[in-house]
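Student: Structure: upload-v7.tsv, TSV, C-alpha atoms and all ligand atoms.
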```tsv
chain	number	residue	atom	x	y	z
A	26	MET	CA	9.32	-16.53	-35.59
A	27	LYS	CA	8.13	-19.79	-36.97
A	28	PHE	CA	9.32	-21.61	-33.89
A	29	ALA	CA	7.31	-19.28	-31.68
A	30	TRP	CA	4.28	-20.14	-33.72
A	31	LEU	CA	4.93	-23.85	-33.36
A	32	ALA	CA	5.25	-23.45	-29.64
A	33	LEU	CA	1.80	-21.93	-29.37
A	34	PRO	CA	-0.95	-24.01	-27.84
A	35	LEU	CA	-2.72	-26.20	-30.38
A	36	CYS	CA	-5.90	-24.47	-29.45
A	37	LEU	CA	-4.49	-21.37	-31.07
A	38	LEU	CA	-3.22	-23.09	-34.18
A	39	LEU	CA	-6.23	-25.30	-34.72
A	40	GLY	CA	-9.00	-23.59	-32.91
A	41	CYS	CA	-10.57	-23.08	-29.59
A	42	ALA	CA	-13.78	-23.96	-27.94
A	43	VAL	CA	-15.70	-20.72	-27.65
A	44	PRO	CA	-16.01	-19.93	-23.95
A	45	GLN	CA	-19.52	-19.02	-22.93
A	46	PRO	CA	-20.67	-17.97	-19.50
A	47	SER	CA	-23.29	-20.54	-18.62
A	48	ALA	CA	-22.43	-22.95	-15.95
A	49	THR	CA	-24.54	-25.94	-15.04
A	50	VAL	CA	-23.40	-29.24	-16.50
A	51	GLN	CA	-26.13	-31.19	-18.23
A	52	PRO	CA	-26.01	-34.87	-19.13
A	53	SER	CA	-26.09	-35.66	-22.82
A	54	ALA	CA	-29.49	-36.08	-24.34
A	55	THR	CA	-29.89	-39.66	-25.47
A	56	VAL	CA	-31.56	-40.85	-28.61
A	57	GLY	CA	-32.60	-44.34	-29.57
A	58	VAL	CA	-32.69	-45.79	-33.04
A	59	ALA	CA	-35.05	-43.11	-34.29
A	60	PRO	CA	-32.70	-40.14	-34.39
A	61	HIS	CA	-35.37	-37.46	-34.27
A	62	VAL	CA	-36.75	-38.51	-30.90
A	63	GLU	CA	-34.80	-37.35	-27.93
A	64	GLU	CA	-35.43	-36.20	-24.43
A	65	ALA	CA	-34.87	-32.48	-24.22
A	66	PRO	CA	-32.58	-31.44	-21.40
A	67	ALA	CA	-33.88	-28.74	-19.11
A	68	PRO	CA	-32.34	-25.44	-20.19
A	69	THR	CA	-29.90	-23.93	-17.73
A	70	ALA	CA	-29.86	-20.55	-19.38
A	71	ALA	CA	-32.84	-19.09	-21.18
A	72	PRO	CA	-32.03	-19.29	-24.88
A	73	THR	CA	-33.23	-16.56	-27.17
A	74	GLU	CA	-36.01	-17.97	-29.29
A	75	VAL	CA	-35.49	-18.40	-33.00
A	76	PRO	CA	-38.12	-16.34	-34.82
A	77	THR	CA	-40.26	-17.90	-37.51
A	78	PRO	CA	-40.66	-17.29	-40.34
A	79	ALA	CA	-37.30	-16.06	-41.58
A	80	VAL	CA	-37.01	-12.31	-41.59
A	81	THR	CA	-34.03	-11.51	-43.80
A	82	GLY	CA	-32.61	-12.64	-47.09
A	83	LEU	CA	-29.03	-12.36	-48.29
A	84	PRO	CA	-27.65	-11.57	-51.75
A	85	THR	CA	-27.44	-14.64	-53.93
A	86	THR	CA	-25.76	-13.61	-57.19
A	87	ARG	CA	-22.22	-14.67	-58.12
A	88	ASP	CA	-19.97	-14.34	-61.11
A	89	THR	CA	-20.20	-17.94	-62.29
A	90	ASP	CA	-22.17	-20.09	-64.71
A	91	GLN	CA	-21.75	-23.16	-62.52
A	92	PRO	CA	-24.64	-24.33	-60.37
A	93	TYR	CA	-24.49	-23.48	-56.68
A	94	ALA	CA	-26.96	-23.36	-53.81
A	95	THR	CA	-27.93	-20.59	-51.42
A	96	GLU	CA	-30.32	-22.89	-49.61
A	97	ASP	CA	-30.15	-26.34	-48.07
A	98	ARG	CA	-31.07	-28.68	-50.90
A	99	SER	CA	-33.20	-31.76	-50.27
A	100	ASP	CA	-31.41	-34.33	-48.15
A	101	ASP	CA	-30.32	-37.72	-49.47
A	102	VAL	CA	-30.48	-39.23	-45.99
A	103	ASP	CA	-32.35	-38.68	-42.73
A	104	GLY	CA	-30.72	-38.39	-39.36
A	105	TYR	CA	-28.25	-36.10	-37.67
A	106	GLN	CA	-25.76	-34.76	-40.17
A	107	VAL	CA	-23.08	-32.16	-40.83
A	108	HIS	CA	-23.91	-29.44	-43.33
A	109	PHE	CA	-21.16	-27.40	-44.97
A	110	ILE	CA	-21.37	-23.70	-45.78
A	111	TYR	CA	-19.02	-21.51	-47.80
A	112	ALA	CA	-19.34	-17.98	-46.44
A	113	LEU	CA	-17.93	-14.66	-47.64
A	114	PRO	CA	-18.04	-11.14	-46.25
A	115	SER	CA	-19.79	-8.54	-48.40
A	116	ASP	CA	-16.43	-7.38	-49.81
A	117	GLY	CA	-14.73	-10.79	-49.91
A	118	VAL	CA	-13.17	-12.29	-53.02
A	119	ASP	CA	-15.12	-15.34	-54.13
A	120	ALA	CA	-12.84	-18.38	-54.53
A	121	PHE	CA	-15.79	-20.63	-55.42
A	122	LEU	CA	-14.56	-23.33	-53.05
A	123	ASP	CA	-18.06	-24.86	-52.90
A	124	ILE	CA	-18.16	-25.20	-56.69
A	125	THR	CA	-14.60	-26.18	-57.52
A	126	GLY	CA	-14.51	-29.22	-55.27
A	127	GLU	CA	-12.00	-28.11	-52.61
A	128	ILE	CA	-14.47	-28.23	-49.73
A	129	GLU	CA	-15.96	-31.53	-50.86
A	130	LEU	CA	-12.56	-33.21	-51.24
A	131	SER	CA	-11.50	-31.85	-47.87
A	132	ALA	CA	-14.67	-33.18	-46.21
A	133	THR	CA	-14.18	-36.54	-47.89
A	134	ALA	CA	-10.57	-36.78	-46.72
A	135	MET	CA	-11.57	-35.86	-43.19
A	136	ASN	CA	-14.14	-38.61	-43.11
A	137	HIS	CA	-11.71	-41.07	-44.68
A	138	TRP	CA	-9.28	-40.51	-41.83
A	139	LEU	CA	-12.04	-40.72	-39.23
A	140	HIS	CA	-13.13	-44.03	-40.75
A	141	THR	CA	-9.63	-45.45	-40.56
A	142	GLN	CA	-9.54	-44.54	-36.87
A	143	THR	CA	-13.07	-45.49	-35.80
A	144	GLY	CA	-14.78	-47.56	-38.47
A	145	SER	CA	-17.41	-44.81	-38.72
A	146	ARG	CA	-17.87	-41.58	-40.61
A	147	LEU	CA	-19.66	-38.35	-39.83
A	148	ARG	CA	-22.99	-38.34	-41.60
A	149	TYR	CA	-22.78	-35.57	-44.18
A	150	ASP	CA	-25.61	-33.67	-45.74
A	151	THR	CA	-25.55	-34.67	-49.40
A	152	TYR	CA	-27.72	-33.82	-52.37
A	153	GLU	CA	-27.92	-36.29	-55.24
A	154	GLY	CA	-24.80	-38.01	-53.98
A	155	ALA	CA	-22.58	-34.93	-53.68
A	156	LEU	CA	-21.81	-32.84	-50.60
A	157	ASP	CA	-24.57	-30.25	-50.21
A	158	ILE	CA	-22.68	-27.00	-49.68
A	159	THR	CA	-24.56	-23.75	-49.15
A	160	PHE	CA	-23.14	-20.45	-50.34
A	161	MET	CA	-23.66	-17.51	-48.01
A	162	ARG	CA	-22.72	-13.87	-48.67
A	163	LEU	CA	-22.83	-12.07	-45.32
A	164	PRO	CA	-24.11	-8.48	-45.16
A	165	TYR	CA	-20.98	-7.12	-43.45
A	166	THR	CA	-17.46	-6.30	-44.58
A	167	ALA	CA	-14.49	-8.42	-43.56
A	168	GLU	CA	-13.36	-5.61	-41.26
A	169	GLN	CA	-16.69	-5.50	-39.47
A	170	ILE	CA	-16.72	-9.26	-39.04
A	171	SER	CA	-13.10	-9.40	-37.90
A	172	GLU	CA	-13.87	-6.97	-35.09
A	173	VAL	CA	-16.21	-9.42	-33.38
A	174	HIS	CA	-13.33	-11.90	-32.76
A	175	SER	CA	-14.52	-15.16	-31.22
A	176	ARG	CA	-18.14	-14.10	-31.56
A	177	ILE	CA	-17.91	-14.91	-35.26
A	178	ASN	CA	-19.64	-18.18	-34.39
A	179	ASP	CA	-22.57	-16.20	-33.02
A	180	LEU	CA	-22.59	-14.01	-36.11
A	181	LEU	CA	-22.67	-17.00	-38.45
A	182	GLU	CA	-25.26	-18.88	-36.45
A	183	HIS	CA	-27.42	-15.76	-36.25
A	184	TRP	CA	-27.52	-15.49	-40.04
A	185	ILE	CA	-27.92	-19.22	-40.55
A	186	LYS	CA	-30.97	-19.08	-38.32
A	187	ILE	CA	-32.68	-15.89	-39.41
A	188	THR	CA	-32.37	-16.85	-43.07
A	189	ASP	CA	-34.24	-20.04	-42.19
A	190	LEU	CA	-31.34	-22.28	-43.18
A	191	ALA	CA	-30.97	-23.98	-39.79
A	192	GLN	CA	-32.46	-27.42	-39.23
A	193	GLU	CA	-32.74	-29.29	-35.97
A	194	ASN	CA	-30.79	-32.33	-37.15
A	195	LYS	CA	-27.72	-30.47	-38.41
A	196	LEU	CA	-24.37	-29.20	-37.27
A	197	TYR	CA	-22.93	-26.48	-39.48
A	198	VAL	CA	-19.33	-26.30	-40.59
A	199	VAL	CA	-18.66	-22.88	-42.10
A	200	HIS	CA	-15.63	-22.20	-44.26
A	201	TYR	CA	-15.33	-18.45	-43.80
A	202	ASP	CA	-13.26	-16.95	-46.62
A	203	GLY	CA	-12.80	-13.38	-45.43
A	204	PHE	CA	-9.73	-11.66	-44.01
A	205	PHE	CA	-9.88	-12.00	-40.26
A	206	VAL	CA	-7.46	-10.50	-37.78
A	207	THR	CA	-7.08	-12.60	-34.68
A	208	PRO	CA	-4.55	-11.53	-32.05
A	209	GLU	CA	-5.41	-14.78	-30.26
A	210	GLY	CA	-4.22	-16.75	-33.30
A	211	TYR	CA	-6.93	-19.32	-33.76
A	212	CYS	CA	-7.86	-20.79	-37.17
A	213	GLY	CA	-11.09	-22.46	-36.11
A	214	LEU	CA	-13.72	-22.02	-33.44
A	215	ALA	CA	-16.59	-24.07	-32.07
A	216	PRO	CA	-18.97	-24.09	-29.13
A	217	LEU	CA	-18.24	-26.57	-26.37
A	218	PRO	CA	-21.46	-27.75	-24.77
A	219	PRO	CA	-22.61	-27.89	-22.06
A	220	ARG	CA	-20.66	-24.72	-21.16
A	221	GLY	CA	-21.46	-23.18	-24.52
A	222	ILE	CA	-24.25	-23.88	-26.93
A	223	GLY	CA	-24.56	-23.66	-30.69
A	224	GLN	CA	-24.81	-25.57	-33.95
A	225	THR	CA	-21.96	-23.85	-35.77
A	226	ALA	CA	-18.24	-24.52	-36.10
A	227	VAL	CA	-16.13	-22.21	-38.24
A	228	LEU	CA	-12.88	-22.58	-40.13
A	229	LEU	CA	-11.10	-19.29	-40.80
A	230	LEU	CA	-9.52	-19.54	-44.23
A	231	ARG	CA	-7.84	-16.14	-44.18
A	232	ALA	CA	-7.06	-15.51	-40.53
A	233	TYR	CA	-4.05	-13.38	-39.70
A	234	ASN	CA	-2.28	-13.33	-36.36
A	235	PRO	CA	-0.63	-9.89	-35.90
A	236	THR	CA	1.07	-11.02	-32.69
A	237	HIS	CA	3.31	-13.40	-34.66
A	238	ASP	CA	2.81	-11.97	-38.17
A	239	LEU	CA	1.47	-15.29	-39.43
A	240	THR	CA	-1.57	-16.49	-41.28
A	241	CYS	CA	-3.52	-19.71	-40.89
A	242	PRO	CA	-2.17	-22.01	-43.62
A	243	ARG	CA	-4.64	-22.03	-46.48
A	244	ASN	CA	-4.02	-25.67	-47.34
A	245	PHE	CA	-6.75	-27.96	-48.52
A	246	THR	CA	-5.85	-31.57	-49.08
A	247	ARG	CA	-5.30	-32.68	-52.66
A	248	SER	CA	-6.17	-36.29	-52.04
A	249	ALA	CA	-9.02	-38.07	-50.31
A	250	ASP	CA	-6.37	-40.32	-48.74
A	251	PHE	CA	-4.48	-37.50	-47.03
A	252	THR	CA	-5.77	-35.58	-44.06
A	253	GLY	CA	-4.01	-32.26	-43.75
A	254	PHE	CA	-4.21	-29.11	-41.70
A	255	PHE	CA	-7.71	-27.95	-42.62
A	256	GLU	CA	-9.18	-31.42	-42.27
A	257	VAL	CA	-7.67	-31.96	-38.85
A	258	THR	CA	-8.81	-28.49	-37.81
A	259	ILE	CA	-12.39	-29.00	-38.87
A	260	LEU	CA	-12.61	-32.39	-37.22
A	261	HIS	CA	-11.15	-30.91	-34.03
A	262	GLU	CA	-13.85	-28.23	-34.08
A	263	VAL	CA	-16.67	-30.64	-34.89
A	264	LEU	CA	-15.67	-32.75	-31.90
A	265	HIS	CA	-15.88	-29.65	-29.70
A	266	ALA	CA	-19.38	-28.94	-31.04
A	267	ILE	CA	-20.35	-32.52	-30.22
A	268	GLY	CA	-19.34	-31.83	-26.60
A	269	LEU	CA	-15.84	-33.26	-26.55
A	270	VAL	CA	-13.60	-33.48	-24.67
A	271	ALA	CA	-16.05	-33.55	-21.75
A	272	GLU	CA	-14.99	-32.53	-18.27
A	273	CYS	CA	-15.59	-36.06	-16.97
A	274	ALA	CA	-12.74	-37.39	-19.14
A	275	PRO	CA	-9.65	-38.18	-17.05
A	276	HIS	CA	-7.26	-36.07	-19.15
A	277	ALA	CA	-9.65	-33.26	-20.04
A	278	ASP	CA	-8.61	-29.65	-19.81
A	279	GLY	CA	-10.90	-27.00	-21.25
A	280	GLY	CA	-12.23	-29.24	-24.02
A	281	HIS	CA	-8.80	-30.67	-24.88
A	282	VAL	CA	-6.74	-33.61	-23.66
A	283	THR	CA	-3.39	-33.47	-21.93
A	284	ASP	CA	-2.08	-37.03	-22.27
A	285	ASN	CA	-0.55	-37.19	-25.75
A	286	SER	CA	0.99	-34.38	-27.75
A	287	GLN	CA	-0.11	-35.93	-31.06
A	288	ASP	CA	-3.73	-36.35	-30.10
A	289	LEU	CA	-6.32	-34.68	-32.33
A	290	MET	CA	-7.66	-32.91	-29.23
A	291	TYR	CA	-4.34	-32.10	-27.56
A	292	PHE	CA	-4.26	-28.66	-25.99
A	293	ALA	CA	-0.71	-27.67	-26.81
A	294	TYR	CA	1.42	-28.18	-29.85
A	295	ASP	CA	4.91	-29.56	-29.31
A	296	GLY	CA	6.29	-29.03	-32.81
A	297	SER	CA	6.40	-32.69	-33.87
A	298	TYR	CA	2.79	-32.90	-34.78
A	299	SER	CA	1.83	-34.33	-38.19
A	300	PRO	CA	-1.66	-35.13	-39.40
A	301	LEU	CA	-0.32	-38.45	-40.63
A	302	PHE	CA	0.50	-39.54	-37.10
A	303	THR	CA	-2.43	-38.06	-35.22
A	304	HIS	CA	-4.11	-40.11	-32.52
A	305	LEU	CA	-7.83	-40.10	-32.08
A	306	ASP	CA	-8.06	-40.39	-28.31
A	307	TYR	CA	-4.73	-41.88	-27.32
A	308	GLY	CA	-5.42	-44.73	-24.91
A	309	ASN	CA	-9.17	-44.63	-25.64
A	310	ASP	CA	-9.90	-43.19	-22.24
A	311	ASP	CA	-11.11	-39.64	-22.87
A	312	TYR	CA	-13.43	-39.13	-25.83
A	313	PHE	CA	-13.59	-42.15	-28.12
A	314	ASP	CA	-14.69	-45.66	-27.23
A	315	HIS	CA	-13.78	-45.27	-23.57
A	316	GLY	CA	-16.66	-47.41	-22.32
A	317	GLN	CA	-17.84	-44.99	-19.64
A	318	ALA	CA	-21.61	-44.74	-20.10
A	319	ASP	CA	-21.93	-41.52	-18.12
A	320	CYS	CA	-19.29	-39.55	-20.03
A	321	PRO	CA	-19.85	-38.30	-23.61
A	322	ASP	CA	-18.16	-40.44	-26.25
A	323	LEU	CA	-17.68	-39.86	-29.97
A	324	ALA	CA	-18.43	-43.56	-30.47
A	325	ARG	CA	-22.03	-42.88	-29.40
A	326	SER	CA	-22.58	-39.68	-31.34
A	327	ALA	CA	-25.85	-39.45	-33.25
A	328	PHE	CA	-23.86	-37.72	-36.02
A	329	LEU	CA	-21.98	-40.94	-36.82
A	330	ASP	CA	-22.78	-43.25	-39.69
A	331	PRO	CA	-23.69	-45.99	-39.01
A	332	LEU	CA	-25.86	-44.73	-36.17
A	333	PRO	CA	-24.50	-46.18	-32.91
A	334	ALA	CA	-26.67	-48.02	-30.43
A	335	GLN	CA	-27.69	-45.63	-27.64
A	336	ALA	CA	-26.83	-42.71	-29.90
A	337	GLU	CA	-26.27	-39.43	-28.08
A	338	LEU	CA	-26.83	-35.84	-29.06
A	339	PRO	CA	-24.42	-33.12	-27.97
A	340	PRO	CA	-25.17	-31.88	-24.44
A	341	ARG	CA	-27.91	-29.22	-24.35
A	342	TRP	CA	-28.75	-29.78	-28.00
A	343	GLN	CA	-32.29	-28.50	-27.50
A	344	ASP	CA	-30.90	-25.29	-26.04
A	345	SER	CA	-28.63	-24.94	-29.06
A	346	LEU	CA	-31.61	-25.31	-31.38
A	347	ARG	CA	-33.72	-22.79	-29.49
A	348	ASN	CA	-30.99	-20.22	-29.13
A	349	LEU	CA	-30.73	-17.31	-31.55
A	350	PRO	CA	-27.40	-15.62	-30.79
A	351	PRO	CA	-27.58	-11.81	-31.07
A	352	ASP	CA	-25.87	-10.44	-34.18
A	353	PRO	CA	-22.58	-9.12	-32.74
A	354	VAL	CA	-22.00	-6.74	-35.65
A	355	GLY	CA	-25.49	-5.32	-35.52
A	356	GLY	CA	-25.07	-4.99	-31.77
A	357	MET	CA	-21.96	-2.84	-32.23
A	358	GLN	CA	-23.68	-0.29	-34.44
B	401	ZN	ZN	-9.80	-26.88	-29.48
```
Do you think you could lay out the structure here as structure tokens?
Tutor:
Amino acid sequence: MKFAWLALPLCLLLGCAVPQPSATVQPSATVGVAPHVEEAPAPTAAPTEVPTPAVTGLPTTRDTDQPYATEDRSDDVDGYQVHFIYALPSDGVDAFLDITGEIELSATAMNHWLHTQTGSRLRYDTYEGALDITFMRLPYTAEQISEVHSRINDLLEHWIKITDLAQENKLYVVHYDGFFVTPEGYCGLAPLPPRGIGQTAVLLLRAYNPTHDLTCPRNFTRSADFTGFFEVTILHEVLHAIGLVAECAPHADGGHVTDNSQDLMYFAYDGSYSPLFTHLDYGNDDYFDHGQADCPDLARSAFLDPLPAQAELPPRWQDSLRNLPPDPVGGMQ
């Protein structure tokens, strides 16, 4: 059975871009040196407005004496940045991954690898020098959340927004630590603008695939020098959320590339893949440093540190900010 799992498309093992039914392709919004000033793209689908002020709070108590945050603490740096969240269902077992250092070490290792490949890092949201991780206890059971399948991104973004956590300069990476049954077999999900919109990528720490009787490997790296399964998965999803791999790329296929089986964004897994030998855009012709000004490029992302010249936001970023996805669990009641 393990071989069958290895033969699955990478999209299933790592994660997929969440398909969303909105069609018109928009060019990337472009920002200059001041990262908060950008030209808003015209919306192609009417986003649901985010209400203000926040309307709902979530439970905040935990069985620990260690400090933790249920809000976004003050930022060490300005600019577009990635904010990490550790989320649990109402009945989920708390593994304290935000407190014990697993998520921070994983994020550090991911950025270390990215730096070795690109010379840049993703700009992380930090507080007093440490990764600012928000703890979130969702108001639904793991079973309720599992039933929404790929709409878990909408669920998470809904609660991030209505609890007033969301900020316009942030992408959210959520480590969701609840049991999650996924017949499709993915371990991570992200929106892929411009087809989809959203600020939230999710890593499923306890996903179970009943089709192949397998779980997503719950393996965090143990060293900042080693990028393992979770780190590769999160980076893969973050790149989707940034708008990669765009349809204008020569080897693009549904947000993935087709030209090298060991590419971070490859669409199918050939069994020889290892995070130690992963390419970040093999041939530099699809999503990193390809030199095509009219096709989105990680090298120009406003989420990179240092901020690139002609920094770009993800396509339809303003739509993503304005959009409040309906709560898919609430909608099922
Ligand atoms: Zn993918």
Student: Of the candidates A:His174, A:His304, A:Arg148, A:His261, which shows the shortest atom-to-atom distance to ligand ZN 401 (chain B), using all atoms listed in the file?
Tutor: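 Of the candidates, the smallest distance to ligand ZN 401 (chain B) is held by A:His261.
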Student: Would you kindly return, as a PDB file with C-alpha atoms, keeping the file's coordinate frame, each protein, DNA or RNA residue with an atom no farther than 9 Å from any atom of Tyr197 of chain A, considering all atoms listed in the file and excluding same-chain residues fewer than 5 positions away?
Tutor:
```
ATOM      1  CA  GLN A 106     -25.760 -34.760 -40.170  1.00  0.00           C
ATOM      2  CA  VAL A 107     -23.080 -32.160 -40.830  1.00  0.00           C
ATOM      3  CA  HIS A 108     -23.910 -29.440 -43.330  1.00  0.00           C
ATOM      4  CA  PHE A 109     -21.160 -27.400 -44.970  1.00  0.00           C
ATOM      5  CA  ILE A 110     -21.370 -23.700 -45.780  1.00  0.00           C
ATOM      6  CA  GLU A 182     -25.260 -18.880 -36.450  1.00  0.00           C
ATOM      7  CA  ILE A 185     -27.920 -19.220 -40.550  1.00  0.00           C
ATOM      8  CA  ALA A 191     -30.970 -23.980 -39.790  1.00  0.00           C
ATOM      9  CA  GLN A 224     -24.810 -25.570 -33.950  1.00  0.00           C
ATOM     10  CA  THR A 225     -21.960 -23.850 -35.770  1.00  0.00           C
ATOM     11  CA  ALA A 226     -18.240 -24.520 -36.100  1.00  0.00           C
ATOM     12  CA  VAL A 227     -16.130 -22.210 -38.240  1.00  0.00           C
ATOM     13  CA  VAL A 263     -16.670 -30.640 -34.890  1.00  0.00           C
TER      14      VAL A 263
END
```
Student: Name all residues at most 7 Å from segment 136-146 of chain A (count all atoms listed in the file; drop same-chain ones fewer than 6 positions away) and give them as a list in words.
Tutor: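 Here the qualifying residues turn out to be Ala249, Asp250, Thr252, Leu305, Leu329, Asp330 and Pro331 of chain A.
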Student: I'd like the interatomic distance between atom CA of Thr159 of chain A and atom CA of Leu122 of chain A, to a tenth of an Å.
Tutor: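 About the pair atom CA of Thr159 of chain A and atom CA of Leu122 of chain A: they are 10.7 Å apart.
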Student: At what distance in Å, to one decimal, does atom CA of Thr133 of chain A lie from atom CA of Arg247 of chain A?
Tutor: 10.8 Å
Student: Determine the nearest neighbour of Gly280 of chain A from the options A:Thr166, A:Asp319, A:Ile267, A:Leu217, counting only C-alpha atoms.
Tutor: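 Of A:Thr166, A:Asp319, A:Ile267, A:Leu217, the one nearest Gly280 of chain A, counting only C-alpha atoms, is A:Leu217.
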Student: For Leu113 of chain A, list every protein, DNA or RNA residue within 7 Å, evaluated using all atoms listed in the file, and leave out those in the same chain fewer than 2 positions away; present the list as a PDB file with C-alpha atoms, in the frame of the given file.
Tutor:
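As a result, result_27.pdb now contains:
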```pdb
ATOM      1  CA  TYR A 111     -19.020 -21.510 -47.800  1.00  0.00           C
ATOM      2  CA  SER A 115     -19.790  -8.540 -48.400  1.00  0.00           C
ATOM      3  CA  GLY A 117     -14.730 -10.790 -49.910  1.00  0.00           C
ATOM      4  CA  MET A 161     -23.660 -17.510 -48.010  1.00  0.00           C
ATOM      5  CA  ARG A 162     -22.720 -13.870 -48.670  1.00  0.00           C
ATOM      6  CA  LEU A 163     -22.830 -12.070 -45.320  1.00  0.00           C
ATOM      7  CA  TYR A 201     -15.330 -18.450 -43.800  1.00  0.00           C
ATOM      8  CA  ASP A 202     -13.260 -16.950 -46.620  1.00  0.00           C
ATOM      9  CA  GLY A 203     -12.800 -13.380 -45.430  1.00  0.00           C
TER      10      GLY A 203
END
```
Student: Looking at all atoms listed in the file, which of A:Pro164, A:Pro235, A:Gly213, A:Gly126 is the one that sits closest to ligand ZN 401 (chain B)?
Tutor: A:Gly213
